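Raw query_22.txt, compact mmCIF, C-alpha atoms and all ligand atoms:
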# COMPACT_ATOMS: atom_id res chain seq x y z
CA MET W 1212 -40.48 66.80 51.75
CA ALA W 1213 -38.02 68.46 49.34
CA GLY W 1214 -40.28 71.45 48.76
CA PHE W 1215 -39.72 75.21 48.55
CA GLY W 1216 -39.62 77.38 51.68
CA GLY W 1217 -41.68 80.56 51.97
CA ILE W 1218 -39.05 83.00 50.66
CA ALA W 1219 -37.87 80.63 47.91
CA SER W 1220 -41.50 80.25 46.81
CA GLN W 1221 -41.99 84.04 46.68
CA VAL W 1222 -38.85 84.57 44.60
CA TYR W 1223 -39.49 81.60 42.31
CA GLY W 1224 -43.09 82.73 41.89
CA LEU W 1225 -41.99 86.15 40.63
CA PHE W 1226 -40.03 84.57 37.79
CA THR W 1227 -42.44 81.80 36.84
CA ARG W 1228 -45.85 83.42 37.20
CA ASN W 1229 -46.30 83.26 33.44
CA SER W 1230 -44.12 80.34 32.49
CA ARG W 1231 -43.90 79.73 28.74
CA ALA W 1232 -42.55 76.28 29.51
CA ALA W 1233 -45.59 75.36 31.61
CA ASN W 1234 -48.00 76.77 29.05
CA SER W 1235 -46.28 74.85 26.27
CA VAL W 1236 -46.80 71.61 28.19
CA ILE W 1237 -50.50 72.45 28.56
CA ASP W 1238 -50.72 73.08 24.81
CA TYR W 1239 -49.33 69.57 24.32
CA ALA W 1240 -51.62 67.95 26.93
CA ALA W 1241 -54.55 69.87 25.41
CA PRO W 1242 -57.15 69.79 28.21
CA GLY W 1243 -60.62 70.47 26.86
CA PRO W 1244 -64.25 70.75 27.94
CA GLY W 1245 -65.29 67.68 29.92
CA ASP W 1246 -61.81 67.18 31.37
CA ARG W 1247 -61.19 67.29 35.10
CA VAL W 1248 -57.53 68.09 35.57
CA LEU W 1249 -54.90 67.98 38.33
CA ASP W 1250 -51.63 69.96 38.36
CA VAL W 1251 -49.06 68.30 40.63
CA GLY W 1252 -46.41 70.68 42.01
CA CYS W 1253 -48.25 73.71 40.63
CA GLY W 1254 -45.75 76.32 41.84
CA ALA W 1255 -46.94 79.86 41.09
CA GLY W 1256 -49.88 78.56 39.06
CA SER W 1257 -49.05 79.35 35.45
CA ALA W 1258 -50.51 76.05 34.21
CA VAL W 1259 -53.48 76.31 36.60
CA ALA W 1260 -54.46 79.71 35.19
CA TYR W 1261 -53.89 78.67 31.59
CA SER W 1262 -55.82 75.42 31.86
CA ALA W 1263 -58.68 77.17 33.69
CA GLN W 1264 -59.24 79.19 30.50
CA ARG W 1265 -59.61 75.91 28.61
CA VAL W 1266 -61.74 73.72 30.88
CA GLY W 1267 -63.23 76.17 33.37
CA ALA W 1268 -61.70 76.78 36.79
CA ALA W 1269 -64.23 74.55 38.58
CA ASP W 1270 -62.65 71.52 36.89
CA VAL W 1271 -59.08 72.49 37.74
CA PHE W 1272 -57.38 71.02 40.82
CA ALA W 1273 -53.82 71.50 42.00
CA ILE W 1274 -51.47 70.42 44.77
CA ASP W 1275 -48.14 71.68 46.05
CA PRO W 1276 -46.39 71.05 49.38
CA SER W 1277 -45.50 74.75 49.69
CA PRO W 1278 -48.25 76.65 51.54
CA THR W 1279 -46.88 79.88 50.00
CA PHE W 1280 -47.43 78.60 46.46
CA VAL W 1281 -50.88 77.30 47.39
CA ARG W 1282 -51.89 80.72 48.77
CA MET W 1283 -50.59 82.38 45.60
CA VAL W 1284 -52.55 80.08 43.30
CA ARG W 1285 -55.75 80.32 45.38
CA ARG W 1286 -55.58 84.12 45.00
CA ARG W 1287 -54.86 83.81 41.30
CA VAL W 1288 -57.58 81.29 40.41
CA PRO W 1289 -60.08 81.41 43.31
CA GLU W 1290 -62.50 78.87 41.78
CA ALA W 1291 -59.85 76.17 41.42
CA ASP W 1292 -59.42 73.60 44.23
CA VAL W 1293 -55.78 74.04 45.35
CA ARG W 1294 -54.42 72.04 48.30
CA VAL W 1295 -51.20 71.70 50.28
CA ALA W 1296 -49.97 68.18 49.48
CA GLY W 1297 -47.24 66.25 47.74
CA ALA W 1298 -47.57 63.78 44.89
CA GLU W 1299 -46.94 60.92 47.32
CA ASP W 1300 -50.05 61.79 49.37
CA VAL W 1301 -52.39 63.17 46.75
CA PRO W 1302 -55.61 63.98 48.65
CA PHE W 1303 -58.20 62.94 46.05
CA ASP W 1304 -60.25 59.80 45.52
CA GLU W 1305 -59.42 57.02 43.11
CA GLY W 1306 -60.47 57.81 39.53
CA SER W 1307 -60.99 61.55 40.11
CA PHE W 1308 -59.20 62.97 37.06
CA THR W 1309 -59.18 62.58 33.28
CA LEU W 1310 -55.83 64.37 32.95
CA ILE W 1311 -52.97 64.84 35.40
CA TRP W 1312 -49.72 66.67 34.69
CA SER W 1313 -46.62 67.53 36.63
CA ILE W 1314 -44.24 70.15 35.25
CA ALA W 1315 -40.64 70.46 36.49
CA SER W 1316 -41.72 68.97 39.80
CA MET W 1317 -40.99 65.21 39.83
CA HIS W 1318 -37.26 65.75 40.41
CA HIS W 1319 -38.23 67.33 43.77
CA TRP W 1320 -40.37 64.44 44.99
CA ASP W 1321 -39.13 62.47 47.99
CA ASP W 1322 -40.33 59.15 46.60
CA ARG W 1323 -40.85 59.11 42.84
CA ASP W 1324 -42.41 55.65 42.54
CA ARG W 1325 -44.79 56.25 45.42
CA GLY W 1326 -45.80 59.54 43.80
CA LEU W 1327 -46.39 57.91 40.41
CA SER W 1328 -48.51 55.16 41.99
CA ALA W 1329 -50.58 57.67 43.95
CA LEU W 1330 -51.22 59.76 40.83
CA VAL W 1331 -52.12 56.78 38.64
CA ARG W 1332 -54.63 55.72 41.27
CA THR W 1333 -56.43 59.07 41.00
CA LEU W 1334 -56.71 58.78 37.20
CA ALA W 1335 -60.08 57.76 35.79
CA PRO W 1336 -60.01 54.76 33.43
CA GLY W 1337 -58.55 56.06 30.15
CA GLY W 1338 -57.22 59.16 31.91
CA ARG W 1339 -53.81 60.50 30.90
CA LEU W 1340 -50.71 61.33 32.94
CA VAL W 1341 -48.11 63.75 31.52
CA ILE W 1342 -44.84 64.15 33.40
CA ALA W 1343 -42.74 67.01 32.01
CA GLU W 1344 -39.15 67.62 33.03
CA ARG W 1345 -36.29 69.63 31.59
CA ALA W 1346 -34.14 67.30 29.44
CA LEU W 1347 -30.63 67.01 30.91
CA LYS W 1348 -27.40 65.31 29.95
CA ARG W 1349 -26.39 64.81 33.60
CA PRO W 1350 -28.61 64.28 36.69
CA GLY W 1351 -29.87 67.55 38.17
CA HIS W 1352 -33.01 69.69 38.12
CA GLY W 1353 -34.66 67.76 35.33
CA ILE W 1354 -34.40 64.31 33.80
CA THR W 1355 -31.71 62.42 31.86
CA ALA W 1356 -32.45 59.83 29.17
CA ASP W 1357 -31.64 57.03 31.64
CA GLN W 1358 -33.93 58.49 34.30
CA SER W 1359 -36.66 58.87 31.70
CA GLU W 1360 -36.34 55.15 30.83
CA ALA W 1361 -36.59 54.29 34.55
CA VAL W 1362 -39.76 56.37 34.94
CA MET W 1363 -41.33 54.71 31.90
CA ALA W 1364 -40.44 51.26 33.30
CA SER W 1365 -42.10 52.19 36.63
CA LEU W 1366 -45.23 53.36 34.82
CA ARG W 1367 -45.47 50.10 32.83
CA LYS W 1368 -44.96 48.12 36.03
CA ILE W 1369 -47.98 49.76 37.65
CA GLY W 1370 -50.11 48.99 34.62
CA GLN W 1371 -50.05 52.21 32.59
CA THR W 1372 -50.57 51.80 28.85
CA GLY W 1373 -49.23 53.72 25.86
CA VAL W 1374 -46.15 54.79 27.80
CA HIS W 1375 -43.90 56.95 25.62
CA ALA W 1376 -41.67 60.00 25.75
CA VAL W 1377 -41.84 63.10 23.55
CA ASP W 1378 -39.21 65.83 23.18
CA ARG W 1379 -40.63 69.32 23.14
CA ARG W 1380 -39.19 72.78 23.02
CA ALA W 1381 -40.88 74.76 25.77
CA GLY W 1382 -39.90 78.40 26.10
CA ARG W 1383 -36.13 78.40 26.54
CA TRP W 1384 -36.05 74.77 27.68
CA HIS W 1385 -35.85 71.43 25.98
CA MET W 1386 -38.33 69.23 27.80
CA THR W 1387 -38.99 65.52 27.98
CA LEU W 1388 -42.70 64.74 28.30
CA ILE W 1389 -43.56 61.24 29.47
CA GLU W 1390 -47.13 60.39 28.60
CA SER W 1391 -49.17 57.34 29.62
CA ALA W 1392 -52.78 56.36 30.21
CA ARG W 1393 -54.69 54.34 32.77
CA PRO W 1394 -56.23 51.28 31.09
CA LEU W 1395 -59.95 51.39 30.42
CA THR W 1396 -60.33 48.08 32.23
CA PRO W 1397 -58.14 47.58 35.30
CA ALA W 1398 -55.19 45.23 34.73
CA THR W 1399 -54.87 42.30 37.10
CA GLY W 1400 -51.70 41.45 38.94
CA HIS W 1401 -50.41 45.03 39.23
CA ALA W 1402 -50.43 46.24 42.80
CA LEU W 1403 -50.26 50.01 43.13
CA ALA W 1404 -47.64 50.56 45.80
CA LEU W 1405 -49.56 52.77 48.21
C1 LIG D 1 -39.46 73.98 39.78
S1 LIG D 1 -41.00 74.17 40.61
C2 LIG D 1 -42.16 73.98 39.24
C3 LIG D 1 -43.46 74.67 39.51
C4 LIG D 1 -44.45 74.70 38.35
N1 LIG D 1 -44.92 73.37 38.02
C5 LIG D 1 -43.89 75.39 37.14
O1 LIG D 1 -43.76 74.74 36.10
O2 LIG D 1 -43.57 76.58 37.23
C6 LIG D 1 -41.18 72.62 41.47
C7 LIG D 1 -42.45 72.52 42.29
O3 LIG D 1 -42.58 71.19 42.81
C8 LIG D 1 -43.08 71.30 44.13
N2 LIG D 1 -42.81 70.06 44.89
C9 LIG D 1 -41.76 69.77 45.71
N3 LIG D 1 -41.90 68.54 46.24
C10 LIG D 1 -43.06 68.03 45.75
C11 LIG D 1 -43.78 66.81 45.95
N4 LIG D 1 -43.32 65.85 46.73
N5 LIG D 1 -44.96 66.64 45.29
C12 LIG D 1 -45.44 67.61 44.47
N6 LIG D 1 -44.80 68.79 44.26
C13 LIG D 1 -43.64 69.01 44.88
C14 LIG D 1 -42.40 72.55 44.68
O4 LIG D 1 -43.04 73.08 45.84
C15 LIG D 1 -42.49 73.47 43.46
O5 LIG D 1 -43.69 74.19 43.41

As structure tokens - that is how I would like this structure written.
Ligand SMILES: C[S@@+](CC[C@H](N)C(=O)[O-])C[C@H]1O[C@@H](n2cnc3c(N)ncnc32)[C@H](O)[C@@H]1O
Amino acid sequence: MAGFGGIASQVYGLFTRNSRAANSVIDYAAPGPGDRVLDVGCGAGSAVAYSAQRVGAADVFAIDPSPTFVRMVRRRVPEADVRVAGAEDVPFDEGSFTLIWSIASMHHWDDRDRGLSALVRTLAPGGRLVIAERALKRPGHGITADQSEAVMASLRKIGQTGVHAVDRRAGRWHMTLIESARPLTPATGHALAL
């Protein structure tokens, strides 16, 4: 899994503990009371802490393949349920969440389409998925316009509705946010590739 090692996690965590970019994505996603949320690739936990203030920590869940990040976030928000896992093997039941986001993480995943399918499966009917990546002109640590189109095509293929992209200034970054929702009634003929 293309994750962060222990030392890389410690160093990255120092610089991103209070990420304006992550918080700006949460402002856009706007979790509120009654939501049950999942942060995929939570890193040092900026979005976990910020969203816990909005929905209550007991309704905040997070995964990251780096045990160092998971330890950090468990210390930071002890009431949140934070687990060592990747997007491709998300360890929660079908329909568990009303809102899932992933911030600056998808470009690290080993298998993007498998990750998207696994996340969509854990969305409740009507639940929203927000994938946020730094907007790039060339492939790298973020997403280009072509890659964004490919992600949106994958989401439509697995039955997501309302698939669209939004540009957003987030801290010092320009981000692309790809938003979609799980249909209220399950579509037929779309196999989730799990
Ligand atoms: C650039 S950091 C972003 C962290 C955090 N979301 C933020 O905005 O500060 C990328 C994160 O993705 C995680 N990651 C790597 N592979 C992953 C995978 N397959 N599934 C989920 N997260 C993954 C890394 O461990 C790391 O925490």

Subject >> Neighbourhood of ligand LIG 1 (chain D) at 7 Å, counting only C-alpha atoms and all ligand atoms, reported as a PyMOL selection string >> reply: chain W and resi 1212-1215+1227+1230+1232-1233+1251-1257+1274-1277+1280+1296-1299+1313-1317+1319-1321

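Distances to Thr1372 of chain W were evaluated for W:Arg1345, W:His1318, W:His1352, W:Arg1339 using only C-alpha atoms, and the minimum falls at W:Arg1339.
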
Subject >> Nearest to Leu1310 of chain W by atom-to-atom distance, counting only C-alpha atoms, from W:Val1281, W:Ala1263, W:Val1341, W:Ile1369 >> reply: W:Val1341

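As for atom CA of Ile1342 of chain W and atom CA of Glu1290 of chain W, they are spaced 24.5 Å apart.
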
**OP:** Can you pull out every residue within 10 Å of Val1271 of chain W, counting only C-alpha atoms, but drop anything in the same chain fewer than 2 positions away, and send it as a PyMOL selection string?
**Re:** chain W and resi 1246-1250+1258-1260+1262-1269+1273+1288+1290-1293+1308+1310

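Interatomic distance, atom CA of Gly1370 of chain W against atom CA of Phe1272 of chain W: 24.0 Å.
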
Original post:
So what do you get for atom CA of Lys1368 of chain W versus atom CA of Ser1328 of chain W, distance-wise?
Top reply: 9.9 Å

Original post:
Which one of W:Asp1324, W:Glu1344, W:Asp1270, W:Asp1378 sits closest to Ser1365 of chain W if you count only C-alpha atoms?
Top reply: W:Asp1324

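Closest approach to Met1386 of chain W among W:Ile1237, W:Gly1351, W:Ala1343, W:Gln1371 is made by W:Ala1343 (distances from all atoms listed in the file).
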
Original post:
With distances taken over all atoms listed in the file, which of W:Gly1243, W:Ser1307, W:Thr1355, W:Arg1282 is nearest to Arg1332 of chain W?
Top reply: W:Ser1307

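Distance check against Arg1380 of chain W using all atoms listed in the file: of W:Ala1346, W:Pro1302, W:Ser1359, W:Ile1354, the minimum falls on W:Ala1346.
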